[in-house]
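Just query-v3.txt here, compact mmCIF, C-alpha atoms:
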```txt
# COMPACT_ATOMS: atom_id res chain seq x y z
CA MET D 157 94.50 64.91 45.87
CA GLU D 158 96.98 64.81 48.77
CA PHE D 159 97.81 67.85 50.87
CA GLU D 160 101.31 66.57 51.50
CA GLN D 161 102.00 66.80 47.77
CA ALA D 162 101.27 70.55 47.86
CA TYR D 163 99.41 70.37 44.57
CA VAL D 164 96.13 69.30 43.04
CA VAL D 165 96.30 66.56 40.40
CA ILE D 166 93.74 66.83 37.59
CA GLY D 167 94.57 64.18 35.01
CA ASN D 168 98.16 64.90 33.97
CA LEU D 169 97.94 68.50 35.18
CA GLN D 170 99.47 69.58 38.47
CA ILE D 171 98.17 72.80 40.02
CA ARG D 172 100.21 73.79 43.04
CA TYR D 173 98.54 75.19 46.13
CA TYR D 174 101.30 77.79 46.28
CA GLY D 175 100.25 79.22 42.93
CA ILE D 176 96.55 79.09 43.78
CA ILE D 177 97.11 81.05 46.99
CA ILE D 178 99.29 83.64 45.25
CA VAL D 179 96.62 84.18 42.58
CA ILE D 180 93.96 84.60 45.29
CA ALA D 181 96.22 87.11 47.07
CA LEU D 182 96.72 89.13 43.88
CA LEU D 183 92.99 89.18 43.09
CA ALA D 184 92.04 90.13 46.66
CA GLY D 185 94.52 93.00 46.76
CA ALA D 186 93.46 94.22 43.31
CA TYR D 187 89.77 94.04 44.25
CA VAL D 188 90.33 96.18 47.36
CA ALA D 189 92.40 98.63 45.31
CA SER D 190 89.63 98.86 42.71
CA LEU D 191 87.10 99.66 45.46
CA LEU D 192 89.33 102.43 46.81
CA ALA D 193 89.86 103.82 43.32
CA SER D 194 86.13 103.91 42.61
CA ARG D 195 85.32 105.56 45.94
CA SER D 196 87.94 108.25 45.32
CA GLY D 197 86.50 109.04 41.89
CA ARG D 198 89.09 107.22 39.78
CA ASP D 199 88.66 104.64 37.05
CA SER D 200 89.04 101.26 38.74
CA ASP D 201 89.87 99.63 35.38
CA HIS D 202 93.36 101.08 35.73
CA ILE D 203 93.89 98.85 38.79
CA TRP D 204 93.38 95.71 36.71
CA GLY D 205 95.37 97.16 33.84
CA GLY D 206 98.25 98.02 36.15
CA LEU D 207 98.09 94.52 37.67
CA THR D 208 98.50 92.87 34.27
CA TRP D 209 101.54 95.04 33.58
CA ALA D 210 103.01 94.30 37.03
CA ILE D 211 102.77 90.49 37.08
CA ILE D 212 105.62 89.56 34.71
CA PRO D 213 108.11 92.20 35.99
CA GLY D 214 107.15 91.15 39.52
CA ILE D 215 107.94 87.48 38.86
CA ILE D 216 111.21 88.39 37.13
CA GLY D 217 112.20 90.72 39.97
CA ALA D 218 111.32 88.14 42.64
CA ARG D 219 113.43 85.46 40.98
CA LEU D 220 116.31 87.82 40.18
CA TRP D 221 116.55 88.91 43.82
CA PHE D 222 116.64 85.27 44.91
CA VAL D 223 119.42 84.54 42.40
CA LEU D 224 121.46 87.55 43.53
CA PHE D 225 120.94 86.83 47.23
CA PRO D 226 120.45 83.05 47.61
CA PRO D 227 119.78 81.72 51.13
CA VAL D 228 122.70 80.46 53.16
CA SER D 229 121.46 76.86 52.94
CA LEU D 230 122.18 76.86 49.18
CA ILE D 231 125.68 78.29 49.44
CA ALA D 232 126.72 76.38 52.56
CA GLY D 233 128.71 73.88 50.47
CA CYS D 234 130.67 76.48 48.51
CA GLY D 235 134.39 75.82 48.76
CA ILE D 236 133.89 72.28 50.12
CA GLU D 237 134.85 69.49 47.75
CA GLY D 238 131.95 67.25 46.82
CA GLU D 239 129.31 69.57 48.28
CA ILE D 240 126.59 71.33 46.26
CA CYS D 241 127.08 75.10 45.93
CA GLN D 242 124.17 77.03 44.44
CA ASP D 243 125.46 80.58 44.63
CA THR D 244 124.75 83.40 42.18
CA ALA D 245 127.48 82.21 39.82
CA TRP D 246 126.00 78.70 39.75
CA PHE D 247 122.52 80.03 38.95
CA LEU D 248 123.88 82.10 36.07
CA GLU D 249 126.01 79.24 34.71
CA ASN D 250 123.00 76.90 34.88
CA PHE D 251 120.49 79.53 33.83
CA PHE D 252 118.31 77.20 31.73
CA ASP D 253 118.45 74.22 34.10
CA ARG D 254 114.76 73.34 34.36
CA GLU D 255 115.20 71.60 37.71
CA SER D 256 116.81 74.32 39.80
CA GLY D 257 118.45 76.88 37.51
CA ALA D 258 117.73 80.59 37.44
CA ILE D 259 114.80 80.05 35.09
CA ALA D 260 113.15 77.38 37.27
CA ILE D 261 110.75 79.60 39.22
CA TRP D 262 108.46 76.59 39.61
CA SER D 263 111.03 74.91 41.86
CA GLY D 264 110.72 77.66 44.47
CA GLY D 265 112.81 80.68 45.28
CA LEU D 266 110.97 83.99 44.93
CA SER D 267 111.78 87.04 47.05
CA ILE D 268 109.15 89.56 48.10
CA PHE D 269 111.65 92.42 47.83
CA GLY D 270 112.42 91.75 44.19
CA GLY D 271 108.76 91.03 43.54
CA LEU D 272 107.64 94.38 44.94
CA ILE D 273 110.34 96.26 43.03
CA GLY D 274 109.52 94.49 39.77
CA ALA D 275 105.76 94.91 40.21
CA ALA D 276 106.21 98.59 41.07
CA PHE D 277 108.25 99.06 37.90
CA GLY D 278 105.54 97.39 35.80
CA ALA D 279 102.80 99.51 37.40
CA TRP D 280 104.89 102.66 36.85
CA LEU D 281 105.25 101.78 33.17
CA TYR D 282 101.50 101.37 32.93
CA LEU D 283 100.81 104.79 34.47
CA SER D 284 103.68 106.64 32.79
CA ALA D 285 104.01 108.39 29.45
CA TRP D 286 105.61 105.17 28.14
CA HIS D 287 102.21 103.45 28.21
CA ASN D 288 101.05 104.48 24.75
CA ARG D 289 104.51 103.95 23.26
CA ILE D 290 104.68 100.37 24.51
CA VAL D 291 101.10 99.66 23.46
CA GLY D 292 101.86 101.17 20.06
CA LEU D 293 104.94 98.97 19.69
CA PHE D 294 103.02 95.79 20.47
CA THR D 295 100.17 96.89 18.23
CA THR D 296 102.62 97.36 15.36
CA ILE D 297 104.10 93.91 15.95
CA LEU D 298 100.63 92.34 16.11
CA THR D 299 99.18 94.34 13.20
CA PRO D 300 98.82 91.26 10.91
CA VAL D 301 96.90 89.42 13.63
CA LEU D 302 94.70 92.44 14.32
CA TRP D 303 94.11 92.92 10.60
CA LEU D 304 93.04 89.28 10.24
CA TYR D 305 90.77 89.56 13.29
CA GLN D 306 89.00 92.61 11.88
CA LEU D 307 88.70 90.91 8.48
CA LEU D 308 87.03 87.87 10.05
CA GLU D 309 84.77 90.16 12.08
CA TRP D 310 83.76 91.98 8.87
CA LEU D 311 83.08 88.69 7.06
CA VAL D 312 80.76 87.52 9.84
CA THR D 313 78.99 90.90 9.82
CA MET D 314 78.63 90.76 6.01
CA ILE D 315 77.16 87.24 6.08
CA VAL D 316 74.65 88.19 8.77
CA ALA D 317 73.72 91.36 6.85
CA ARG D 318 73.17 89.43 3.61
CA LEU D 319 71.00 86.88 5.39
CA ARG D 320 68.87 89.76 6.64
CA GLY D 321 68.76 91.31 3.16
CA LYS D 322 70.88 94.33 4.04
CA ASP D 323 74.02 95.78 2.49
CA ALA D 324 77.29 95.28 4.37
CA SER D 325 79.72 98.15 4.77
CA PRO D 326 83.05 97.84 2.90
CA PHE D 327 85.99 96.45 4.86
CA ARG D 328 88.39 99.02 6.29
CA TYR D 329 91.19 98.16 8.71
CA GLN D 330 91.18 100.47 11.71
CA ARG D 331 94.19 100.62 13.96
CA PRO D 332 93.15 100.33 17.65
CA GLN D 333 93.18 103.69 19.41
CA SER D 334 94.16 104.21 23.04
CA ASP D 335 92.26 106.63 25.28
CA PHE D 336 95.12 106.64 27.77
CA PRO D 337 96.54 110.19 28.22
CA ASP D 338 99.80 110.73 26.33
CA GLU D 339 101.41 112.41 29.35
CA GLY D 340 100.59 109.45 31.60
CA MET D 341 98.81 109.61 34.95
CA TYR D 342 99.81 111.22 38.23
CA LEU D 343 101.44 108.46 40.26
CA ARG D 344 101.10 109.36 43.95
CA PRO D 345 97.34 108.82 44.43
CA TRP D 346 97.67 105.34 42.94
CA MET D 347 100.65 104.64 45.23
CA ASP D 348 98.50 105.42 48.26
CA ILE D 349 95.78 103.06 47.00
CA ALA D 350 98.39 100.33 46.50
CA ALA D 351 99.73 100.95 50.02
CA VAL D 352 96.35 99.98 51.49
CA ALA D 353 95.75 96.94 49.28
CA ILE D 354 99.22 95.34 49.27
CA PRO D 355 99.20 94.27 52.97
CA LEU D 356 96.01 92.28 52.39
CA GLY D 357 97.66 90.46 49.49
CA GLN D 358 100.73 89.84 51.62
CA ALA D 359 98.67 88.42 54.46
CA ILE D 360 96.96 85.94 52.16
CA GLY D 361 100.13 85.16 50.21
CA ARG D 362 102.04 84.16 53.34
CA PHE D 363 99.85 81.06 53.66
CA ALA D 364 101.57 79.85 50.51
CA ASN D 365 104.79 79.75 52.56
CA TYR D 366 103.05 77.47 55.03
CA VAL D 367 102.03 75.12 52.22
CA ASN D 368 105.66 74.97 51.08
CA GLN D 369 106.84 74.49 54.69
CA GLU D 370 109.12 77.54 54.52
CA LEU D 371 109.57 80.90 56.25
CA TYR D 372 109.87 79.46 59.74
CA GLY D 373 112.07 80.48 62.64
CA ALA D 374 114.19 78.99 65.38
CA PRO D 375 112.88 76.27 67.71
CA THR D 376 110.43 77.48 70.34
CA ASN D 377 108.40 76.20 73.29
CA LEU D 378 105.50 78.55 72.56
CA PRO D 379 102.14 76.78 72.10
CA TRP D 380 101.64 78.23 68.60
CA GLY D 381 104.88 76.78 67.28
CA ILE D 382 104.64 74.54 64.20
CA GLN D 383 106.31 71.27 63.26
CA ILE D 384 108.54 71.21 60.19
CA PRO D 385 109.30 67.91 58.38
CA ARG D 386 112.94 66.94 58.18
CA GLU D 387 113.16 67.40 54.39
CA ALA D 388 112.09 71.04 54.73
CA ARG D 389 114.61 71.91 57.43
CA VAL D 390 117.96 73.63 57.01
CA ALA D 391 121.19 73.08 58.91
CA PRO D 392 121.60 72.36 61.76
CA PHE D 393 117.96 71.39 62.28
CA GLU D 394 117.95 68.32 60.00
CA SER D 395 119.26 66.19 62.86
CA LEU D 396 116.35 64.24 64.34
CA ILE D 397 118.53 63.39 67.33
CA ASP D 398 119.05 67.01 68.35
CA PHE D 399 115.73 68.21 66.92
CA PRO D 400 113.08 65.43 66.91
CA LEU D 401 110.08 65.52 64.59
CA ASP D 402 107.89 67.01 67.34
CA THR D 403 110.21 70.03 67.68
CA LEU D 404 108.27 73.28 67.32
CA PHE D 405 109.49 76.25 65.27
CA HIS D 406 108.44 79.89 65.15
CA PRO D 407 105.84 80.36 62.35
CA ILE D 408 107.41 83.46 60.82
CA TRP D 409 104.90 83.33 57.97
CA ALA D 410 102.03 83.58 60.47
CA TYR D 411 103.63 86.48 62.34
CA GLU D 412 104.01 88.43 59.11
CA ALA D 413 100.49 87.51 57.97
CA LEU D 414 98.96 88.76 61.22
CA TRP D 415 101.01 91.95 61.13
CA SER D 416 99.96 92.53 57.51
CA LEU D 417 96.28 92.12 58.43
CA VAL D 418 96.66 94.73 61.17
CA ALA D 419 98.54 97.01 58.77
CA PHE D 420 95.77 96.60 56.20
CA TYR D 421 93.11 97.57 58.75
CA VAL D 422 95.05 100.59 60.03
CA LEU D 423 95.94 101.88 56.55
CA TRP D 424 92.33 101.33 55.40
CA ARG D 425 91.07 103.46 58.30
CA ILE D 426 93.66 106.16 57.68
CA TYR D 427 92.78 106.26 53.98
CA HIS D 428 89.08 106.78 54.70
CA GLN D 429 89.25 109.03 57.76
CA TYR D 430 92.47 111.02 57.60
CA ARG D 431 93.47 111.09 53.93
CA GLU D 432 92.62 114.79 53.61
CA ARG D 433 95.14 115.62 56.33
CA LEU D 434 97.97 113.83 54.55
CA LEU D 435 100.01 114.65 51.49
CA GLU D 436 99.71 112.37 48.49
CA GLY D 437 102.28 109.61 48.85
CA ASP D 438 102.30 109.66 52.67
CA LEU D 439 100.36 106.41 52.93
CA PHE D 440 102.81 104.68 50.60
CA LEU D 441 105.73 105.89 52.71
CA LEU D 442 103.91 104.69 55.84
CA TYR D 443 103.43 101.25 54.26
CA ILE D 444 107.16 100.98 53.48
CA ALA D 445 108.13 102.14 56.98
CA GLN D 446 105.86 99.72 58.84
CA TYR D 447 106.75 96.69 56.72
CA SER D 448 110.46 97.43 56.87
CA PHE D 449 110.23 97.71 60.66
CA VAL D 450 108.52 94.37 61.25
CA ARG D 451 110.54 92.50 58.61
CA PHE D 452 113.80 93.74 60.17
CA LEU D 453 112.73 92.31 63.54
CA LEU D 454 111.45 89.00 62.15
CA GLU D 455 114.78 88.35 60.45
CA PHE D 456 116.32 87.84 63.90
CA LEU D 457 114.08 84.76 64.36
CA ARG D 458 114.35 83.39 60.82
CA VAL D 459 116.70 80.46 60.19
CA GLU D 460 116.72 80.54 56.37
CA VAL D 461 118.33 83.93 55.73
CA ALA D 462 120.09 85.42 52.72
CA GLU D 463 123.38 87.26 52.99
CA ILE D 464 125.22 89.78 50.86
CA GLY D 465 127.98 87.70 49.29
CA ALA D 466 130.33 86.22 51.90
CA SER D 467 130.05 89.25 54.18
CA GLY D 468 127.71 87.58 56.67
CA ILE D 469 125.39 90.62 56.46
CA ASN D 470 121.71 89.76 56.26
CA SER D 471 120.53 91.22 52.92
CA SER D 472 116.89 91.50 54.01
CA GLN D 473 117.76 93.37 57.18
CA SER D 474 120.08 95.70 55.26
CA VAL D 475 117.36 96.54 52.73
CA THR D 476 114.63 97.02 55.31
CA PHE D 477 116.89 99.14 57.55
CA ILE D 478 117.70 101.49 54.68
CA ALA D 479 114.07 101.54 53.47
CA PHE D 480 112.83 102.40 56.97
CA LEU D 481 115.30 105.26 57.39
CA ILE D 482 114.46 106.74 53.99
CA SER D 483 110.66 106.42 54.26
CA ALA D 484 110.50 107.58 57.88
CA GLY D 485 112.90 110.44 57.10
CA ILE D 486 110.79 111.64 54.16
CA LEU D 487 107.60 111.41 56.25
CA PHE D 488 109.20 113.43 59.04
CA ARG D 489 110.49 116.07 56.62
CA ARG D 490 107.13 116.37 54.90
CA ARG D 491 105.40 116.81 58.24
CA ARG D 492 107.82 119.54 59.28
CA GLU D 493 107.35 121.33 55.97
CA ARG D 494 103.57 121.07 56.30
CA GLU D 495 103.65 122.45 59.85
CA ALA D 496 105.97 125.25 58.80
CA ALA D 497 103.70 126.17 55.90
CA ALA D 498 100.65 126.17 58.20
CA ALA D 499 102.44 128.35 60.77
CA GLU D 500 103.53 130.78 58.05
CA ALA D 501 99.98 130.99 56.70
CA ALA D 502 98.59 131.60 60.20
CA ALA D 503 101.18 134.31 60.86
CA LYS D 504 100.40 135.97 57.55
CA GLN D 505 96.69 135.91 58.28
CA ALA D 506 97.25 137.37 61.78
CA ALA D 507 99.40 140.15 60.31
CA GLU D 508 96.70 141.05 57.80
CA THR D 509 94.08 141.31 60.53
```
Conversion result in structure tokens:
Amino acid sequence: MEFEQAYVVIGNLQIRYYGIIIVIALLAGAYVASLLASRSGRDSDHIWGGLTWAIIPGIIGARLWFVLFPPVSLIAGCGIEGEICQDTAWFLENFFDRESGAIAIWSGGLSIFGGLIGAAFGAWLYLSAWHNRIVGLFTTILTPVLWLYQLLEWLVTMIVARLRGKDASPFRYQRPQSDFPDEGMYLRPWMDIAAVAIPLGQAIGRFANYVNQELYGAPTNLPWGIQIPREARVAPFESLIDFPLDTLFHPIWAYEALWSLVAFYVLWRIYHQYRERLLEGDLFLLYIAQYSFVRFLLEFLRVEVAEIGASGINSSQSVTFIAFLISAGILFRRRREREAAAAEAAAKQAAET
């Protein structure tokens, strides 16, 4: 096992550190969410159920965002004869290229924005009225398998009963029943739980970027700067003449990990001490606002950015700027409405007395 390889070799099987860390991040975030759910009187099993529904849409969303907004290092050669150009059109044309096409998620290239959107969509499906319809559809498709499983289960039960000298009940296929409410579940309380747990997962997950030697910033003289090998650098930092191997770079992944840990602590405290003073959904809006704020600032240091087409506009900064304005605006409006309602109630009570 060699750390430089970024994976563990077990026989012919390669298990990448990146994947191991991401799995740990998902489990840690889900565990914290399940604790919060239990302490607030909710069924924590829905956390794990929602996670299973969120994983595949999250992966698809993360890769799709990367394909739509590839980093500038991949599209730098576009329009230059003989240079490699991996823009959105190239990814779509080479969709099934197992080395670096759109389907090759194992080669790297997952965006947190698309991942969060995809995962949120999967979790919403799990909690929505579509839950039972989707489960019913898959149950119908898998009916032969379920029928065979129940038949085998009955055969085993019958054999055991005969060995004990008892009569076995006749075989009857029973379609699995769901105890999930047909109208779905109210979303906002679960959003607030997710808002507390997600930053912990993000903090852990950012160490996967360190393993892949990515998410770093411009050169720096600060003592906590990190060295980046030449093969992991982007233009113009590949030059060992201008930027020797001992050149230090801003560890953007570490900055975001530390911020996420602080955000997790603050949101955890707010959830336990001040939740009764907030409206449902406020914590989720606060999570979006704080992450959008710090990510917008960190993009100024980052060297591997993604742009919207050929506009030169940083896609991540555009998204986080809009997300911050919307989330902060809704929070401000909700606070004003809450204060106005409290003032009206106080005035009404004073008038009655």
- Message: Let me make sure I understand: among D:Ile211, D:Val450, D:Leu441, D:Ala186, which one has the smallest atom-to-atom distance to Ser416 (chain D) if we use all atoms listed in the file?
- Response: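 Of D:Ile211, D:Val450, D:Leu441, D:Ala186, the one nearest Ser416 (chain D), counting all atoms listed in the file, is D:Val450.
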- Message: Using all atoms listed in the file for the distances, tell me which of D:Ala507, D:Ile349, D:Val422, D:Leu281 is nearest to Ser194 (chain D).
- Response: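 The shortest atom-to-atom distance to Ser194 (chain D) comes from D:Ile349.
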- Expressed in Å to a single decimal, how great is the separation between CA of Gln383 (chain D) and CA of Phe405 (chain D)?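 Separating CA of Gln383 (chain D) from CA of Phe405 (chain D) is a distance of 6.2 Å.
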- Students should find that CA of Arg458 (chain D) and CA of Leu401 (chain D) are spaced 18.8 Å
- Would you mind telling me which residue in D:Ala364, D:Leu442, D:Ala497, D:Ala419 lies nearest to Ile177 (chain D) when using all atoms listed in the file?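 Using all atoms listed in the file, the shortest distance to Ile177 (chain D) belongs to D:Ala364.
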Output as lines of an AutoDock Vina configuration file the centre and edge lengths (Å, one decimal) of the box along x, y and z of the file that holds every listed atom of region 354-364 of chain D after adding 3 Å on each side.
```
center_x = 99.0
center_y = 87.6
center_z = 51.9
size_x = 12.0
size_y = 21.5
size_z = 11.2
```
What are the closest atom pairs, with distances in Å to one decimal, for each residue of region 265-328 of chain D lying within 12 Å of region 351-354 of chain D, using all atoms listed in the file, rows by chain and rising residue number, as JSON lines?
```
{"residue": "D:Ile268", "atom": "CA", "partner": "D:Ile354", "partner_atom": "CA", "distance": 11.5}
{"residue": "D:Gly271", "atom": "CA", "partner": "D:Ile354", "partner_atom": "CA", "distance": 11.9}
{"residue": "D:Leu272", "atom": "CA", "partner": "D:Ile354", "partner_atom": "CA", "distance": 9.5}
{"residue": "D:Ala275", "atom": "CA", "partner": "D:Ile354", "partner_atom": "CA", "distance": 11.2}
{"residue": "D:Ala276", "atom": "CA", "partner": "D:Ile354", "partner_atom": "CA", "distance": 11.3}
```
- Message: Around (126.7, 83.8, 46.9), as given in the file, which residues come within 12 Å? Count only C-alpha atoms and list them as a VMD selection string.
- Response: chain D and resid 221 to 235 241 to 248 462 to 469 471
Put those residues in a file: C-alpha atoms, as a PDB file, in the frame of the given file.
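Okay, this is what ended up in selection-v3.pdb:
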```pdb
ATOM      1  CA  TRP D 221     116.550  88.910  43.820  1.00  0.00           C
ATOM      2  CA  PHE D 222     116.640  85.270  44.910  1.00  0.00           C
ATOM      3  CA  VAL D 223     119.420  84.540  42.400  1.00  0.00           C
ATOM      4  CA  LEU D 224     121.460  87.550  43.530  1.00  0.00           C
ATOM      5  CA  PHE D 225     120.940  86.830  47.230  1.00  0.00           C
ATOM      6  CA  PRO D 226     120.450  83.050  47.610  1.00  0.00           C
ATOM      7  CA  PRO D 227     119.780  81.720  51.130  1.00  0.00           C
ATOM      8  CA  VAL D 228     122.700  80.460  53.160  1.00  0.00           C
ATOM      9  CA  SER D 229     121.460  76.860  52.940  1.00  0.00           C
ATOM     10  CA  LEU D 230     122.180  76.860  49.180  1.00  0.00           C
ATOM     11  CA  ILE D 231     125.680  78.290  49.440  1.00  0.00           C
ATOM     12  CA  ALA D 232     126.720  76.380  52.560  1.00  0.00           C
ATOM     13  CA  GLY D 233     128.710  73.880  50.470  1.00  0.00           C
ATOM     14  CA  CYS D 234     130.670  76.480  48.510  1.00  0.00           C
ATOM     15  CA  GLY D 235     134.390  75.820  48.760  1.00  0.00           C
ATOM     16  CA  CYS D 241     127.080  75.100  45.930  1.00  0.00           C
ATOM     17  CA  GLN D 242     124.170  77.030  44.440  1.00  0.00           C
ATOM     18  CA  ASP D 243     125.460  80.580  44.630  1.00  0.00           C
ATOM     19  CA  THR D 244     124.750  83.400  42.180  1.00  0.00           C
ATOM     20  CA  ALA D 245     127.480  82.210  39.820  1.00  0.00           C
ATOM     21  CA  TRP D 246     126.000  78.700  39.750  1.00  0.00           C
ATOM     22  CA  PHE D 247     122.520  80.030  38.950  1.00  0.00           C
ATOM     23  CA  LEU D 248     123.880  82.100  36.070  1.00  0.00           C
ATOM     24  CA  ALA D 462     120.090  85.420  52.720  1.00  0.00           C
ATOM     25  CA  GLU D 463     123.380  87.260  52.990  1.00  0.00           C
ATOM     26  CA  ILE D 464     125.220  89.780  50.860  1.00  0.00           C
ATOM     27  CA  GLY D 465     127.980  87.700  49.290  1.00  0.00           C
ATOM     28  CA  ALA D 466     130.330  86.220  51.900  1.00  0.00           C
ATOM     29  CA  SER D 467     130.050  89.250  54.180  1.00  0.00           C
ATOM     30  CA  GLY D 468     127.710  87.580  56.670  1.00  0.00           C
ATOM     31  CA  ILE D 469     125.390  90.620  56.460  1.00  0.00           C
ATOM     32  CA  SER D 471     120.530  91.220  52.920  1.00  0.00           C
TER      33      SER D 471
END
```
- Message: Counting all atoms listed in the file, which residue out of D:Gly361, D:Ala279, D:Thr296, D:Glu412 sits closest to Ala184 (chain D)?
- Response: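 Of the candidates, the smallest distance to Ala184 (chain D) is held by D:Gly361.
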- Which is closest to Ala413 (chain D) among D:Gly357, D:Pro392, D:Gly437, D:Pro345, if we use all atoms listed in the file? D:Gly357
- Task: Find, counting only C-alpha atoms, the residue in D:Ala350, D:Leu378, D:Ile397, D:Leu191 that gets nearest to Leu439 (chain D).
- Result: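 The shortest atom-to-atom distance to Leu439 (chain D) comes from D:Ala350.
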- Distance CA of Phe449 (chain D)-CA of Ala374 (chain D), one decimal place?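 Computing the Euclidean distance for CA of Phe449 (chain D) and CA of Ala374 (chain D) yields 19.7 Å.
Residues lying within 8 Å of Tyr372 (chain D), counting all atoms listed in the file and ignoring same-chain neighbours fewer than 3 positions away, are Gln369, Phe405, His406, Pro407, Ile408, Trp409, Arg458, Val459 and Glu460 of chain D.
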